[in-house]
$ cat target00.tsv   # TSV, C-alpha atoms
chain	number	residue	atom	x	y	z
A	842	MET	CA	-124.52	-99.91	118.38
A	843	GLU	CA	-124.95	-100.39	114.65
A	844	LYS	CA	-125.67	-97.37	112.47
A	845	LYS	CA	-128.89	-97.67	110.46
A	846	THR	CA	-130.07	-95.49	107.60
A	847	GLY	CA	-132.88	-95.83	105.08
A	848	LEU	CA	-132.07	-96.45	101.41
A	849	TYR	CA	-134.12	-95.23	98.46
A	850	ILE	CA	-133.27	-96.66	95.02
A	851	HIS	CA	-134.59	-94.90	91.92
A	852	ILE	CA	-135.32	-96.89	88.76
A	853	PRO	CA	-136.16	-94.08	86.31
A	854	PHE	CA	-137.59	-96.13	83.45
A	855	CYS	CA	-141.16	-96.47	82.18
A	856	THR	CA	-142.85	-97.92	79.12
A	857	ARG	CA	-144.78	-94.65	78.90
A	858	LYS	CA	-145.08	-91.64	81.19
A	859	CYS	CA	-148.60	-90.95	82.52
A	860	ASP	CA	-149.98	-87.49	81.81
A	861	TYR	CA	-150.10	-86.49	85.49
A	862	CYS	CA	-146.60	-87.68	86.47
A	863	ASP	CA	-143.84	-85.20	87.29
A	864	PHE	CA	-141.35	-87.73	88.67
A	865	PHE	CA	-138.14	-88.18	86.71
A	866	SER	CA	-138.42	-91.09	84.30
A	867	VAL	CA	-137.48	-91.90	80.72
A	868	PRO	CA	-138.81	-94.44	78.21
A	869	VAL	CA	-137.07	-97.80	78.44
A	870	GLY	CA	-135.38	-98.99	75.28
A	871	ALA	CA	-136.00	-102.23	73.44
A	872	GLY	CA	-133.22	-103.89	75.43
A	873	GLY	CA	-134.80	-103.07	78.78
A	874	VAL	CA	-132.89	-101.68	81.73
A	875	SER	CA	-129.14	-102.07	81.24
A	876	ASP	CA	-126.97	-104.04	83.63
A	877	ASP	CA	-124.71	-101.01	83.52
A	878	TYR	CA	-127.34	-99.03	85.43
A	879	ILE	CA	-127.72	-101.76	88.07
A	880	ASP	CA	-123.94	-101.79	88.54
A	881	ALA	CA	-123.88	-98.02	89.01
A	882	VAL	CA	-126.67	-98.05	91.61
A	883	ILE	CA	-124.93	-100.80	93.59
A	884	ASN	CA	-121.61	-98.95	93.45
A	885	GLU	CA	-123.20	-95.71	94.62
A	886	SER	CA	-124.91	-97.45	97.55
A	887	LEU	CA	-121.63	-99.08	98.60
A	888	PHE	CA	-119.88	-95.70	98.46
A	889	TYR	CA	-122.36	-94.18	100.93
A	890	SER	CA	-122.45	-97.20	103.21
A	891	LYS	CA	-118.66	-97.02	103.60
A	892	LYS	CA	-118.47	-93.23	103.83
A	893	LEU	CA	-121.19	-93.05	106.49
A	894	ASN	CA	-120.19	-96.26	108.28
A	895	ILE	CA	-123.63	-97.79	107.82
A	896	GLN	CA	-123.85	-101.31	109.21
A	897	MET	CA	-127.28	-101.97	107.75
A	898	TRP	CA	-130.00	-100.33	105.71
A	899	SER	CA	-132.89	-99.83	108.14
A	900	THR	CA	-135.30	-99.95	105.20
A	901	ILE	CA	-134.94	-100.37	101.44
A	902	TYR	CA	-137.41	-98.84	98.99
A	903	VAL	CA	-137.11	-99.41	95.24
A	904	GLY	CA	-139.21	-96.82	93.41
A	905	GLY	CA	-139.52	-95.22	90.04
A	906	GLY	CA	-140.34	-95.06	87.30
A	907	THR	CA	-141.23	-98.72	87.03
A	908	PRO	CA	-138.90	-101.04	88.98
A	909	SER	CA	-140.78	-104.10	87.70
A	910	LEU	CA	-139.23	-103.40	84.28
A	911	LEU	CA	-136.09	-104.99	85.74
A	912	THR	CA	-135.65	-108.65	84.95
A	913	PRO	CA	-136.05	-111.03	87.91
A	914	LYS	CA	-132.29	-111.62	87.78
A	915	GLN	CA	-131.57	-107.89	87.86
A	916	LEU	CA	-133.88	-107.37	90.84
A	917	SER	CA	-132.14	-110.15	92.75
A	918	ARG	CA	-128.69	-108.76	91.92
A	919	LEU	CA	-129.76	-105.24	92.89
A	920	ILE	CA	-131.10	-106.21	96.31
A	921	SER	CA	-128.17	-108.47	97.14
A	922	GLY	CA	-125.70	-105.90	95.78
A	923	VAL	CA	-126.82	-103.01	97.98
A	924	LYS	CA	-126.61	-105.31	101.02
A	925	ASN	CA	-123.03	-106.29	100.19
A	926	GLY	CA	-120.70	-105.64	103.12
A	927	MET	CA	-123.56	-105.20	105.59
A	928	ASP	CA	-123.80	-107.13	108.83
A	929	ALA	CA	-125.31	-110.42	107.63
A	930	SER	CA	-126.98	-110.99	111.01
A	931	LEU	CA	-129.11	-107.85	110.53
A	932	SER	CA	-132.03	-107.36	108.14
A	933	PRO	CA	-133.94	-104.26	107.03
A	934	ALA	CA	-137.17	-103.69	108.90
A	935	GLU	CA	-138.89	-103.43	105.52
A	936	THR	CA	-137.94	-103.89	101.86
A	937	THR	CA	-140.41	-102.52	99.32
A	938	VAL	CA	-140.47	-102.70	95.53
A	939	GLU	CA	-142.91	-100.71	93.40
A	940	MET	CA	-144.47	-102.69	90.56
A	941	ASN	CA	-146.87	-101.89	87.74
A	942	PRO	CA	-149.54	-104.38	86.63
A	943	GLN	CA	-148.35	-104.60	83.03
A	944	SER	CA	-144.83	-105.68	84.02
A	945	LEU	CA	-145.65	-107.83	87.04
A	946	SER	CA	-145.07	-111.57	86.66
A	947	LEU	CA	-144.91	-114.68	88.80
A	948	GLU	CA	-141.17	-114.84	88.11
A	949	MET	CA	-140.73	-111.28	89.40
A	950	LEU	CA	-142.68	-112.07	92.57
A	951	ASP	CA	-140.56	-115.18	93.15
A	952	SER	CA	-137.37	-113.17	92.68
A	953	ALA	CA	-138.62	-110.51	95.09
A	954	HIS	CA	-139.45	-113.09	97.74
A	955	VAL	CA	-136.12	-114.93	97.46
A	956	SER	CA	-134.25	-111.59	97.58
A	957	GLY	CA	-135.83	-110.62	100.89
A	958	VAL	CA	-138.46	-108.21	99.58
A	959	ASP	CA	-141.36	-108.35	102.02
A	960	ARG	CA	-143.59	-105.60	100.64
A	961	ILE	CA	-144.71	-104.68	97.15
A	962	SER	CA	-146.53	-101.55	96.08
A	963	LEU	CA	-148.72	-102.10	93.05
A	964	GLY	CA	-149.76	-99.05	91.03
A	965	ILE	CA	-153.37	-99.80	90.13
A	966	GLN	CA	-154.79	-96.22	90.29
A	967	SER	CA	-158.15	-97.27	88.80
A	968	LEU	CA	-159.97	-100.27	87.38
A	969	ASN	CA	-161.97	-98.10	84.99
A	970	ASP	CA	-160.69	-98.09	81.40
A	971	SER	CA	-162.06	-94.63	80.58
A	972	ALA	CA	-160.30	-93.15	83.60
A	973	LEU	CA	-157.02	-94.90	82.77
A	974	GLY	CA	-157.23	-93.81	79.14
A	975	SER	CA	-157.93	-90.20	80.11
A	976	VAL	CA	-154.39	-89.85	81.48
A	977	HIS	CA	-152.76	-92.18	78.91
A	978	ARG	CA	-151.86	-94.76	81.50
A	979	SER	CA	-150.39	-97.76	79.70
A	980	CYS	CA	-152.50	-100.31	81.51
A	981	SER	CA	-156.03	-101.66	81.05
A	982	SER	CA	-158.39	-102.79	83.77
A	983	ALA	CA	-158.07	-106.38	82.48
A	984	THR	CA	-154.28	-106.22	82.86
A	985	ALA	CA	-154.61	-104.77	86.36
A	986	LEU	CA	-157.05	-107.47	87.43
A	987	LYS	CA	-154.78	-110.18	86.04
A	988	ALA	CA	-151.89	-108.77	88.07
A	989	LEU	CA	-154.05	-108.64	91.20
A	990	ASP	CA	-155.00	-112.29	90.66
A	991	ILE	CA	-151.33	-113.28	90.44
A	992	VAL	CA	-150.52	-111.37	93.62
A	993	LYS	CA	-153.46	-112.84	95.52
A	994	LYS	CA	-152.49	-116.39	94.58
A	995	HIS	CA	-148.72	-116.20	94.83
A	996	TRP	CA	-147.62	-113.33	97.11
A	997	SER	CA	-147.48	-113.90	100.87
A	998	GLY	CA	-145.83	-110.63	101.85
A	999	ARG	CA	-147.33	-107.25	102.53
A	1000	LEU	CA	-149.23	-105.43	99.80
A	1001	ASN	CA	-149.89	-101.76	99.10
A	1002	LEU	CA	-152.22	-100.67	96.31
A	1003	ASP	CA	-152.17	-97.18	94.82
A	1004	CYS	CA	-155.54	-95.60	94.09
A	1005	MET	CA	-156.30	-92.21	92.54
A	1006	ALA	CA	-159.38	-90.09	93.06
A	1007	GLY	CA	-160.47	-87.45	90.57
A	1008	LEU	CA	-159.26	-89.00	87.32
A	1009	PRO	CA	-161.06	-87.50	84.31
A	1010	SER	CA	-163.91	-89.65	82.94
A	1011	GLN	CA	-164.41	-91.35	86.32
A	1012	THR	CA	-167.71	-90.88	88.13
A	1013	MET	CA	-168.18	-91.19	91.87
A	1014	ASP	CA	-169.84	-94.59	91.47
A	1015	GLU	CA	-167.06	-95.84	89.19
A	1016	PHE	CA	-164.41	-94.65	91.64
A	1017	ALA	CA	-166.13	-96.33	94.59
A	1018	CYS	CA	-166.63	-99.58	92.66
A	1019	SER	CA	-162.97	-99.58	91.59
A	1020	LEU	CA	-161.73	-99.06	95.16
A	1021	LYS	CA	-164.01	-101.75	96.59
A	1022	THR	CA	-162.78	-104.21	93.97
A	1023	MET	CA	-159.17	-103.43	94.91
A	1024	LEU	CA	-159.94	-104.10	98.56
A	1025	SER	CA	-161.36	-107.51	97.70
A	1026	TYR	CA	-157.77	-108.59	96.90
A	1027	GLY	CA	-156.69	-108.18	100.50
A	1028	PRO	CA	-154.17	-105.32	100.64
A	1029	ASP	CA	-152.99	-104.28	104.10
A	1030	HIS	CA	-152.14	-100.76	102.92
A	1031	VAL	CA	-153.67	-98.31	100.44
A	1032	SER	CA	-152.10	-95.09	99.19
A	1033	MET	CA	-154.99	-92.96	97.97
A	1034	TYR	CA	-154.21	-89.71	96.21
A	1035	THR	CA	-156.31	-86.93	94.76
A	1036	LEU	CA	-155.22	-86.18	91.20
A	1037	THR	CA	-153.20	-82.97	91.21
A	1038	LEU	CA	-152.16	-80.85	88.26
A	1039	GLU	CA	-148.38	-80.66	88.44
A	1040	PRO	CA	-146.89	-77.75	86.43
A	1041	GLY	CA	-145.32	-78.82	83.17
A	1042	THR	CA	-147.16	-82.13	82.88
A	1043	PRO	CA	-149.29	-82.94	79.81
A	1044	LEU	CA	-152.41	-83.09	81.98
A	1045	ALA	CA	-151.81	-79.61	83.39
A	1046	SER	CA	-151.26	-78.30	79.86
A	1047	ARG	CA	-154.53	-79.80	78.69
A	1048	VAL	CA	-156.44	-78.16	81.54
A	1049	GLU	CA	-154.72	-74.83	80.86
A	1050	THR	CA	-155.87	-75.02	77.22
A	1051	GLY	CA	-159.51	-75.67	78.05
A	1052	MET	CA	-160.01	-79.25	79.22
A	1053	ASP	CA	-162.63	-79.38	81.96
A	1054	PHE	CA	-161.40	-80.59	85.36
A	1055	ASP	CA	-163.65	-80.61	88.43
A	1056	PHE	CA	-161.50	-80.06	91.53
A	1057	ASP	CA	-164.49	-80.33	93.86
A	1058	ALA	CA	-165.51	-83.68	92.38
A	1059	ALA	CA	-161.95	-84.96	92.85
A	1060	ASP	CA	-162.01	-83.97	96.53
A	1061	SER	CA	-165.44	-85.55	96.99
A	1062	GLN	CA	-164.20	-88.83	95.53
A	1063	TRP	CA	-161.26	-88.85	97.93
A	1064	ILE	CA	-163.52	-88.23	100.94
A	1065	GLU	CA	-165.83	-91.05	99.81
A	1066	GLY	CA	-162.76	-93.27	99.39
A	1067	ARG	CA	-161.67	-92.53	102.95
A	1068	LYS	CA	-165.11	-93.58	104.18
A	1069	ILE	CA	-164.88	-96.86	102.26
A	1070	LEU	CA	-161.40	-97.57	103.58
A	1071	GLU	CA	-162.39	-96.89	107.19
A	1072	GLU	CA	-165.43	-99.13	106.83
A	1073	ASN	CA	-163.06	-101.90	105.72
A	1074	GLY	CA	-160.72	-101.71	108.71
A	1075	PHE	CA	-158.14	-99.23	107.44
A	1076	HIS	CA	-157.03	-96.23	109.47
A	1077	GLN	CA	-155.60	-93.06	108.02
A	1078	TYR	CA	-152.16	-92.36	109.44
A	1079	GLU	CA	-150.91	-89.79	106.90
A	1080	VAL	CA	-152.49	-87.41	104.41
A	1081	SER	CA	-152.67	-90.00	101.61
A	1082	ASN	CA	-151.96	-93.29	103.37
A	1083	PHE	CA	-154.21	-95.85	105.04
A	1084	ALA	CA	-153.23	-99.11	106.71
A	1085	LYS	CA	-154.53	-102.05	108.65
A	1086	ASN	CA	-153.22	-102.18	112.24
A	1087	GLY	CA	-149.42	-102.46	112.31
A	1088	CYS	CA	-149.07	-102.19	108.53
A	1089	GLY	CA	-147.98	-98.58	108.01
A	1090	SER	CA	-144.99	-98.02	105.73
A	1091	VAL	CA	-141.85	-98.05	107.89
A	1092	HIS	CA	-139.77	-96.48	105.12
A	1093	ASN	CA	-142.14	-93.61	104.45
A	1094	MET	CA	-142.56	-92.91	108.15
A	1095	SER	CA	-138.81	-92.24	108.27
A	1096	TYR	CA	-139.37	-89.36	105.83
A	1097	TRP	CA	-142.21	-87.93	107.87
A	1098	ARG	CA	-140.16	-88.22	111.09
A	1099	GLN	CA	-137.19	-86.46	109.46
A	1100	MET	CA	-134.78	-89.37	109.68
A	1101	ASP	CA	-131.66	-89.70	107.49
A	1102	TYR	CA	-131.94	-91.56	104.21
A	1103	VAL	CA	-129.58	-92.21	101.32
A	1104	GLY	CA	-130.95	-91.86	97.80
A	1105	VAL	CA	-129.21	-93.65	94.92
A	1106	GLY	CA	-129.90	-93.80	91.21
A	1107	ALA	CA	-130.25	-91.15	88.50
A	1108	GLY	CA	-132.53	-88.37	89.74
A	1109	ALA	CA	-132.66	-89.72	93.30
A	1110	THR	CA	-132.60	-87.45	96.35
A	1111	GLY	CA	-131.02	-88.19	99.73
A	1112	SER	CA	-131.06	-86.21	102.98
A	1113	LEU	CA	-128.67	-86.32	105.93
A	1114	TYR	CA	-129.91	-84.01	108.63
A	1115	SER	CA	-126.80	-83.67	110.80
A	1116	LEU	CA	-123.79	-84.39	108.61
A	1117	TYR	CA	-122.06	-81.04	109.05
A	1118	GLY	CA	-122.53	-80.14	112.72
A	1119	LYS	CA	-125.84	-78.32	112.86
A	1120	ASP	CA	-126.26	-78.15	109.10
A	1121	GLY	CA	-127.54	-81.11	107.14
A	1122	LEU	CA	-127.03	-82.07	103.50
A	1123	ARG	CA	-129.49	-82.85	100.73
A	1124	TRP	CA	-128.45	-83.98	97.29
A	1125	THR	CA	-130.21	-84.72	94.03
A	1126	ASN	CA	-128.40	-86.88	91.51
A	1127	THR	CA	-128.01	-86.00	87.87
A	1128	GLU	CA	-130.82	-87.05	85.53
A	1129	ASN	CA	-128.27	-87.74	82.80
A	1130	ILE	CA	-128.28	-91.53	82.94
A	1131	ARG	CA	-125.17	-91.97	80.78
A	1132	LEU	CA	-123.21	-89.53	82.95
A	1133	TYR	CA	-124.51	-91.23	86.09
A	1134	CYS	CA	-123.47	-94.70	84.93
A	1135	ASP	CA	-120.07	-93.60	83.65
A	1136	PHE	CA	-119.22	-91.92	86.94
A	1137	TRP	CA	-120.30	-94.67	89.31
A	1138	ASN	CA	-118.80	-97.45	87.19
A	1139	SER	CA	-115.37	-95.80	87.15
A	1140	PHE	CA	-112.79	-96.13	89.91
A	1141	PRO	CA	-111.60	-94.57	92.08
A	1142	VAL	CA	-114.59	-92.30	92.88
A	1143	ASP	CA	-113.77	-88.61	93.27
A	1144	GLU	CA	-116.28	-87.36	95.83
A	1145	ASP	CA	-115.83	-83.75	94.72
A	1146	LYS	CA	-116.99	-84.66	91.21
A	1147	ILE	CA	-120.13	-86.66	92.02
A	1148	PRO	CA	-122.71	-85.59	89.39
A	1149	ARG	CA	-125.31	-84.18	91.74
A	1150	GLU	CA	-126.67	-80.93	93.12
A	1151	THR	CA	-126.30	-80.32	96.84
A	1152	GLU	CA	-128.02	-78.13	99.39
A	1153	ARG	CA	-126.98	-77.35	102.94
A	1154	LEU	CA	-129.89	-77.66	105.36
A	1155	ASP	CA	-129.67	-75.00	108.05
A	1156	GLU	CA	-131.61	-75.16	111.32
A	1157	ALA	CA	-134.45	-72.94	110.09
A	1158	THR	CA	-134.97	-75.08	106.98
A	1159	LYS	CA	-134.90	-78.31	108.96
A	1160	GLU	CA	-137.30	-76.87	111.52
A	1161	PHE	CA	-139.94	-75.91	108.96
A	1162	GLU	CA	-139.60	-79.23	107.14
A	1163	TYR	CA	-140.00	-80.98	110.50
A	1164	LEU	CA	-143.35	-79.21	110.99
A	1165	MET	CA	-144.38	-79.76	107.37
A	1166	MET	CA	-143.66	-83.49	107.38
A	1167	GLY	CA	-144.73	-84.26	110.93
A	1168	LEU	CA	-148.11	-82.58	110.55
A	1169	ARG	CA	-148.81	-84.76	107.50
A	1170	THR	CA	-149.22	-87.64	109.94
A	1171	LEU	CA	-152.06	-88.15	112.37
A	1172	GLU	CA	-149.53	-88.99	115.10
A	1173	GLY	CA	-148.33	-85.40	114.79
A	1174	LEU	CA	-145.42	-83.78	116.63
A	1175	ASP	CA	-143.74	-84.63	119.92
A	1176	PRO	CA	-142.88	-81.51	121.98
A	1177	GLU	CA	-139.90	-83.19	123.65
A	1178	ASP	CA	-138.41	-84.31	120.34
A	1179	TYR	CA	-138.89	-80.79	118.99
A	1180	ARG	CA	-137.12	-79.33	122.04
A	1181	LYS	CA	-134.11	-81.62	121.57
A	1182	ARG	CA	-133.82	-80.78	117.90
A	1183	PHE	CA	-134.49	-77.04	117.86
A	1184	SER	CA	-133.73	-75.54	121.28
A	1185	SER	CA	-131.25	-73.15	119.65
A	1186	LEU	CA	-133.94	-71.37	117.64
A	1187	GLU	CA	-135.92	-68.36	118.82
A	1188	TRP	CA	-138.65	-70.44	120.43
A	1189	ASN	CA	-136.03	-72.20	122.57
A	1190	GLY	CA	-137.53	-75.52	121.62
A	1191	SER	CA	-141.07	-74.63	122.69
A	1192	LEU	CA	-143.33	-76.33	120.16
A	1193	SER	CA	-146.46	-74.80	121.71
A	1194	ASP	CA	-145.06	-71.29	121.17
A	1195	ARG	CA	-144.00	-72.09	117.60
A	1196	LEU	CA	-147.43	-73.45	116.69
A	1197	GLY	CA	-149.35	-70.67	118.41
A	1198	VAL	CA	-151.28	-72.95	120.74
A	1199	ASP	CA	-152.50	-70.18	123.05
A	1200	SER	CA	-153.04	-67.40	120.55
A	1201	GLY	CA	-152.08	-68.16	116.99
A	1202	PRO	CA	-152.68	-70.47	114.03
A	1203	TRP	CA	-153.01	-73.62	116.13
A	1204	LYS	CA	-155.61	-72.05	118.42
A	1205	LYS	CA	-157.65	-70.98	115.39
A	1206	PHE	CA	-157.63	-74.55	114.11
A	1207	SER	CA	-158.38	-75.93	117.57
A	1208	ASP	CA	-161.34	-73.59	117.96
A	1209	ARG	CA	-162.71	-75.04	114.71
A	1210	ASN	CA	-162.30	-78.60	116.10
A	1211	LEU	CA	-159.61	-79.44	113.55
A	1212	CYS	CA	-156.95	-80.59	116.05
A	1213	ALA	CA	-156.52	-83.80	118.01
A	1214	ASP	CA	-156.85	-83.62	121.80
A	1215	HIS	CA	-153.35	-82.75	123.06
A	1216	SER	CA	-154.31	-83.55	126.66
A	1217	LYS	CA	-154.84	-87.20	125.71
A	1218	THR	CA	-151.80	-87.81	123.51
A	1219	GLY	CA	-149.23	-85.24	124.63
A	1220	ARG	CA	-148.60	-84.53	120.93
A	1221	TYR	CA	-149.76	-81.81	118.56
A	1222	ALA	CA	-151.64	-83.26	115.61
A	1223	LEU	CA	-154.46	-82.45	113.25
A	1224	ASN	CA	-157.49	-84.72	113.32
A	1225	ARG	CA	-159.07	-86.43	110.31
A	1226	ASP	CA	-160.97	-83.25	109.40
A	1227	GLY	CA	-158.06	-80.92	110.05
A	1228	ILE	CA	-155.68	-82.89	107.83
A	1229	LEU	CA	-157.79	-81.75	104.87
A	1230	PHE	CA	-156.66	-78.19	105.56
A	1231	LEU	CA	-152.98	-78.94	106.16
A	1232	ASN	CA	-151.65	-76.57	103.50
A	1233	THR	CA	-153.70	-73.71	104.90
A	1234	LEU	CA	-152.12	-74.24	108.32
A	1235	LEU	CA	-148.58	-74.65	107.00
A	1236	ARG	CA	-148.76	-71.30	105.20
A	1237	GLU	CA	-149.08	-69.72	108.64
A	1238	TYR	CA	-145.71	-71.16	109.67
A	1239	VAL	CA	-143.58	-70.17	106.68
A	1240	ARG	CA	-140.76	-67.97	108.01
$ encode --input "target00.tsv" --output "structure tokens"
Amino acid sequence: MEKKTGLYIHIPFCTRKCDYCDFFSVPVGAGGVSDDYIDAVINESLFYSKKLNIQMWSTIYVGGGTPSLLTPKQLSRLISGVKNGMDASLSPAETTVEMNPQSLSLEMLDSAHVSGVDRISLGIQSLNDSALGSVHRSCSSATALKALDIVKKHWSGRLNLDCMAGLPSQTMDEFACSLKTMLSYGPDHVSMYTLTLEPGTPLASRVETGMDFDFDAADSQWIEGRKILEENGFHQYEVSNFAKNGCGSVHNMSYWRQMDYVGVGAGATGSLYSLYGKDGLRWTNTENIRLYCDFWNSFPVDEDKIPRETERLDEATKEFEYLMMGLRTLEGLDPEDYRKRFSSLEWNGSLSDRLGVDSGPWKKFSDRNLCADHSKTGRYALNRDGILFLNTLLREYVR
């Protein structure tokens, strides 16, 4: 049986970093993304595919940063390069590329299609210029609408749109109008986030120094957005993700189900949950792009000197992350899967005991009608109201 593992590719370049963003990215130079970086990413992916005996990437996700800053030729070479040496008779279940409106083009869409990309994720966030300007997002509503027109006319694959609730200078009516306009372009998936203040970001600094930010209004916008999405045939399947039937993100579900994935590119993270017997391995690559390129474009590769930080994942860490990620989804947790994974821990694989179903945190949530009906599904999951209080529940399970 072939070995399959997900692949995440990080393209850490942007024209300008948005005020709320805490992902690793750097401004792209006048020459664009270097071919040297593409070479390094391909070489790193080939190293892991050989080391781990991977016959195919189960999914490929190209994120950033802004992957659409690649040229169409670079995108094609990247996708074909990471597939080099794979079983040609097998194809990923899903190949996604993130794109931003200001760098999307018909040529890029054509390159994506020819390369086997079947899903794009377009970062719209808002169609209100005041809201976009409030976080210094380098995109206007006119540019976003132009990109949406191109996608609607020329893209036949799957489409995710990113939407953000709670942006400063955005009223409830403006948020609702923006979301409804996005839906008119026919996405099958929407990732809808509430603006959060990440420590160290310019937006967080502005709030700390006196800028007004209404957390309650942000939450209210998100709840109104959920209503709009459900009225338009979308179902929530994860805290921030909504999809038409059968259109959930296969790649992201692998994260939430604690499946192995390889991360390549400067600043990328990968996780292998059973590489060293019971312990797993997580790594985060260096953010020094020059160091990253020099290492992966030199041969032979010395595994002991890979420029990355590593972390062993013991059973207790994996177990809590399993709860944390699984409870983000409305499908929740499978008791039998939990037993197989964690029977060596003090609960002997009893998910009901770990959650406190009879007398503990889960029962408290259940008594407040915040849990799905276990008797119908056989799984433990929060319902659409309970998912709003996920962090409160998870704090009860920190060991």
$ residues_around --input "target00.tsv" --residues "segment 1201-1211 of chain A" --least-positions-apart "2" --cutoff "6 Å" --atoms "only C-alpha atoms" --output "ChimeraX atom specification"
/A:1196-1199,1223-1224,1226-1227
$ write_last_selection --input "target00.tsv" --atoms "C-alpha atoms" --output "mmCIF file, keeping the file's coordinate frame"
data_model
loop_
_atom_site.group_PDB
_atom_site.id
_atom_site.type_symbol
_atom_site.label_atom_id
_atom_site.label_comp_id
_atom_site.auth_asym_id
_atom_site.auth_seq_id
_atom_site.Cartn_x
_atom_site.Cartn_y
_atom_site.Cartn_z
ATOM 1 C CA LEU A 1196 -147.430 -73.450 116.690
ATOM 2 C CA GLY A 1197 -149.350 -70.670 118.410
ATOM 3 C CA VAL A 1198 -151.280 -72.950 120.740
ATOM 4 C CA ASP A 1199 -152.500 -70.180 123.050
ATOM 5 C CA LEU A 1223 -154.460 -82.450 113.250
ATOM 6 C CA ASN A 1224 -157.490 -84.720 113.320
ATOM 7 C CA ASP A 1226 -160.970 -83.250 109.400
ATOM 8 C CA GLY A 1227 -158.060 -80.920 110.050
#
$ atom_distance --input "target00.tsv" --atom1 "atom CA of Met1005 of chain A" --atom2 "atom CA of Leu1036 of chain A"
6.3 Å
$ closest_atom_pairs --input "target00.tsv" --of "segment 1047-1133 of chain A" --to "segment 943-964 of chain A" --cutoff "12 Å" --atoms "all atoms listed in the file" --output "JSON lines"
{"residue": "A:Cys1088", "atom": "CA", "partner": "A:Arg960", "partner_atom": "CA", "distance": 10.2}
{"residue": "A:Gly1089", "atom": "CA", "partner": "A:Arg960", "partner_atom": "CA", "distance": 11.1}
{"residue": "A:Ser1090", "atom": "CA", "partner": "A:Arg960", "partner_atom": "CA", "distance": 9.2}
{"residue": "A:Val1091", "atom": "CA", "partner": "A:Arg960", "partner_atom": "CA", "distance": 10.6}
{"residue": "A:His1092", "atom": "CA", "partner": "A:Arg960", "partner_atom": "CA", "distance": 10.9}
$ closest_residue --input "target00.tsv" --among "A:Tyr1114, A:Tyr889, A:Phe865, A:Tyr1221" --to "Glu1156 of chain A" --atoms "all atoms listed in the file"
A:Tyr1114
$ atom_distance --input "target00.tsv" --atom1 "atom CA of Cys980 of chain A" --atom2 "atom CA of Leu1070 of chain A"
24.0 Å
$ residues_around --input "target00.tsv" --residues "Thr984 of chain A" --least-positions-apart "4" --cutoff "12 Å" --atoms "all atoms listed in the file" --output "MDAnalysis selection string"
chainID A and resid 941:946 964:965 967:970 973 978:980 988:991
$ write_last_selection --input "target00.tsv" --atoms "C-alpha atoms" --output "PDB file, in the frame of the given file"
ATOM      1  CA  ASN A 941    -146.870-101.890  87.740  1.00  0.00           C
ATOM      2  CA  PRO A 942    -149.540-104.380  86.630  1.00  0.00           C
ATOM      3  CA  GLN A 943    -148.350-104.600  83.030  1.00  0.00           C
ATOM      4  CA  SER A 944    -144.830-105.680  84.020  1.00  0.00           C
ATOM      5  CA  LEU A 945    -145.650-107.830  87.040  1.00  0.00           C
ATOM      6  CA  SER A 946    -145.070-111.570  86.660  1.00  0.00           C
ATOM      7  CA  GLY A 964    -149.760 -99.050  91.030  1.00  0.00           C
ATOM      8  CA  ILE A 965    -153.370 -99.800  90.130  1.00  0.00           C
ATOM      9  CA  SER A 967    -158.150 -97.270  88.800  1.00  0.00           C
ATOM     10  CA  LEU A 968    -159.970-100.270  87.380  1.00  0.00           C
ATOM     11  CA  ASN A 969    -161.970 -98.100  84.990  1.00  0.00           C
ATOM     12  CA  ASP A 970    -160.690 -98.090  81.400  1.00  0.00           C
ATOM     13  CA  LEU A 973    -157.020 -94.900  82.770  1.00  0.00           C
ATOM     14  CA  ARG A 978    -151.860 -94.760  81.500  1.00  0.00           C
ATOM     15  CA  SER A 979    -150.390 -97.760  79.700  1.00  0.00           C
ATOM     16  CA  CYS A 980    -152.500-100.310  81.510  1.00  0.00           C
ATOM     17  CA  ALA A 988    -151.890-108.770  88.070  1.00  0.00           C
ATOM     18  CA  LEU A 989    -154.050-108.640  91.200  1.00  0.00           C
ATOM     19  CA  ASP A 990    -155.000-112.290  90.660  1.00  0.00           C
ATOM     20  CA  ILE A 991    -151.330-113.280  90.440  1.00  0.00           C
TER      21      ILE A 991
END
$ atom_distance --input "target00.tsv" --atom1 "atom CA of Tyr878 of chain A" --atom2 "atom CA of Cys1134 of chain A"
5.8 Å
$ closest_residue --input "target00.tsv" --among "A:Gly1121, A:Gly870, A:Pro913, A:Gly847" --to "Pro933 of chain A" --atoms "all atoms listed in the file"
A:Gly847
$ closest_residue --input "target00.tsv" --among "A:Ser1061, A:Gln1011, A:Ser981, A:Ser1095" --to "Leu1229 of chain A" --atoms "all atoms listed in the file"
A:Ser1061
$ closest_residue --input "target00.tsv" --among "A:Phe1230, A:Glu1039, A:Arg1123, A:Asp1194" --to "Val1103 of chain A" --atoms "all atoms listed in the file"
A:Arg1123
$ residues_near_point --input "target00.tsv" --point "(-120.6, -90.3, 88.7)" --cutoff "6 Å" --atoms "all atoms listed in the file" --output "number ranges by chain"
A: 1133, 1136-1137, 1147-1148
$ closest_atom_pairs --input "target00.tsv" --of "segment 1049-1115 of chain A" --to "segment 1171-1177 of chain A" --cutoff "10 Å" --atoms "all atoms listed in the file" --output "CSV"
residue,atom,partner,partner_atom,distance
A:His1076,CA,A:Leu1171,CA,9.9
A:Gln1077,CA,A:Leu1171,CA,7.5
A:Tyr1078,CA,A:Leu1171,CA,5.1
A:Glu1079,CA,A:Leu1171,CA,5.8
A:Val1080,CA,A:Leu1171,CA,8.0
A:Trp1097,CA,A:Gly1173,CA,9.6
A:Arg1098,CA,A:Leu1174,CA,8.8
$ write_last_selection --input "target00.tsv" --atoms "C-alpha atoms" --output "short mmCIF file (atom, residue, chain, number, x, y, z; two decimals), keeping the file's coordinate frame"
data_model
loop_
_atom_site.label_atom_id
_atom_site.label_comp_id
_atom_site.auth_asym_id
_atom_site.auth_seq_id
_atom_site.Cartn_x
_atom_site.Cartn_y
_atom_site.Cartn_z
CA HIS A 1076 -157.03 -96.23 109.47
CA GLN A 1077 -155.60 -93.06 108.02
CA TYR A 1078 -152.16 -92.36 109.44
CA GLU A 1079 -150.91 -89.79 106.90
CA VAL A 1080 -152.49 -87.41 104.41
CA TRP A 1097 -142.21 -87.93 107.87
CA ARG A 1098 -140.16 -88.22 111.09
#
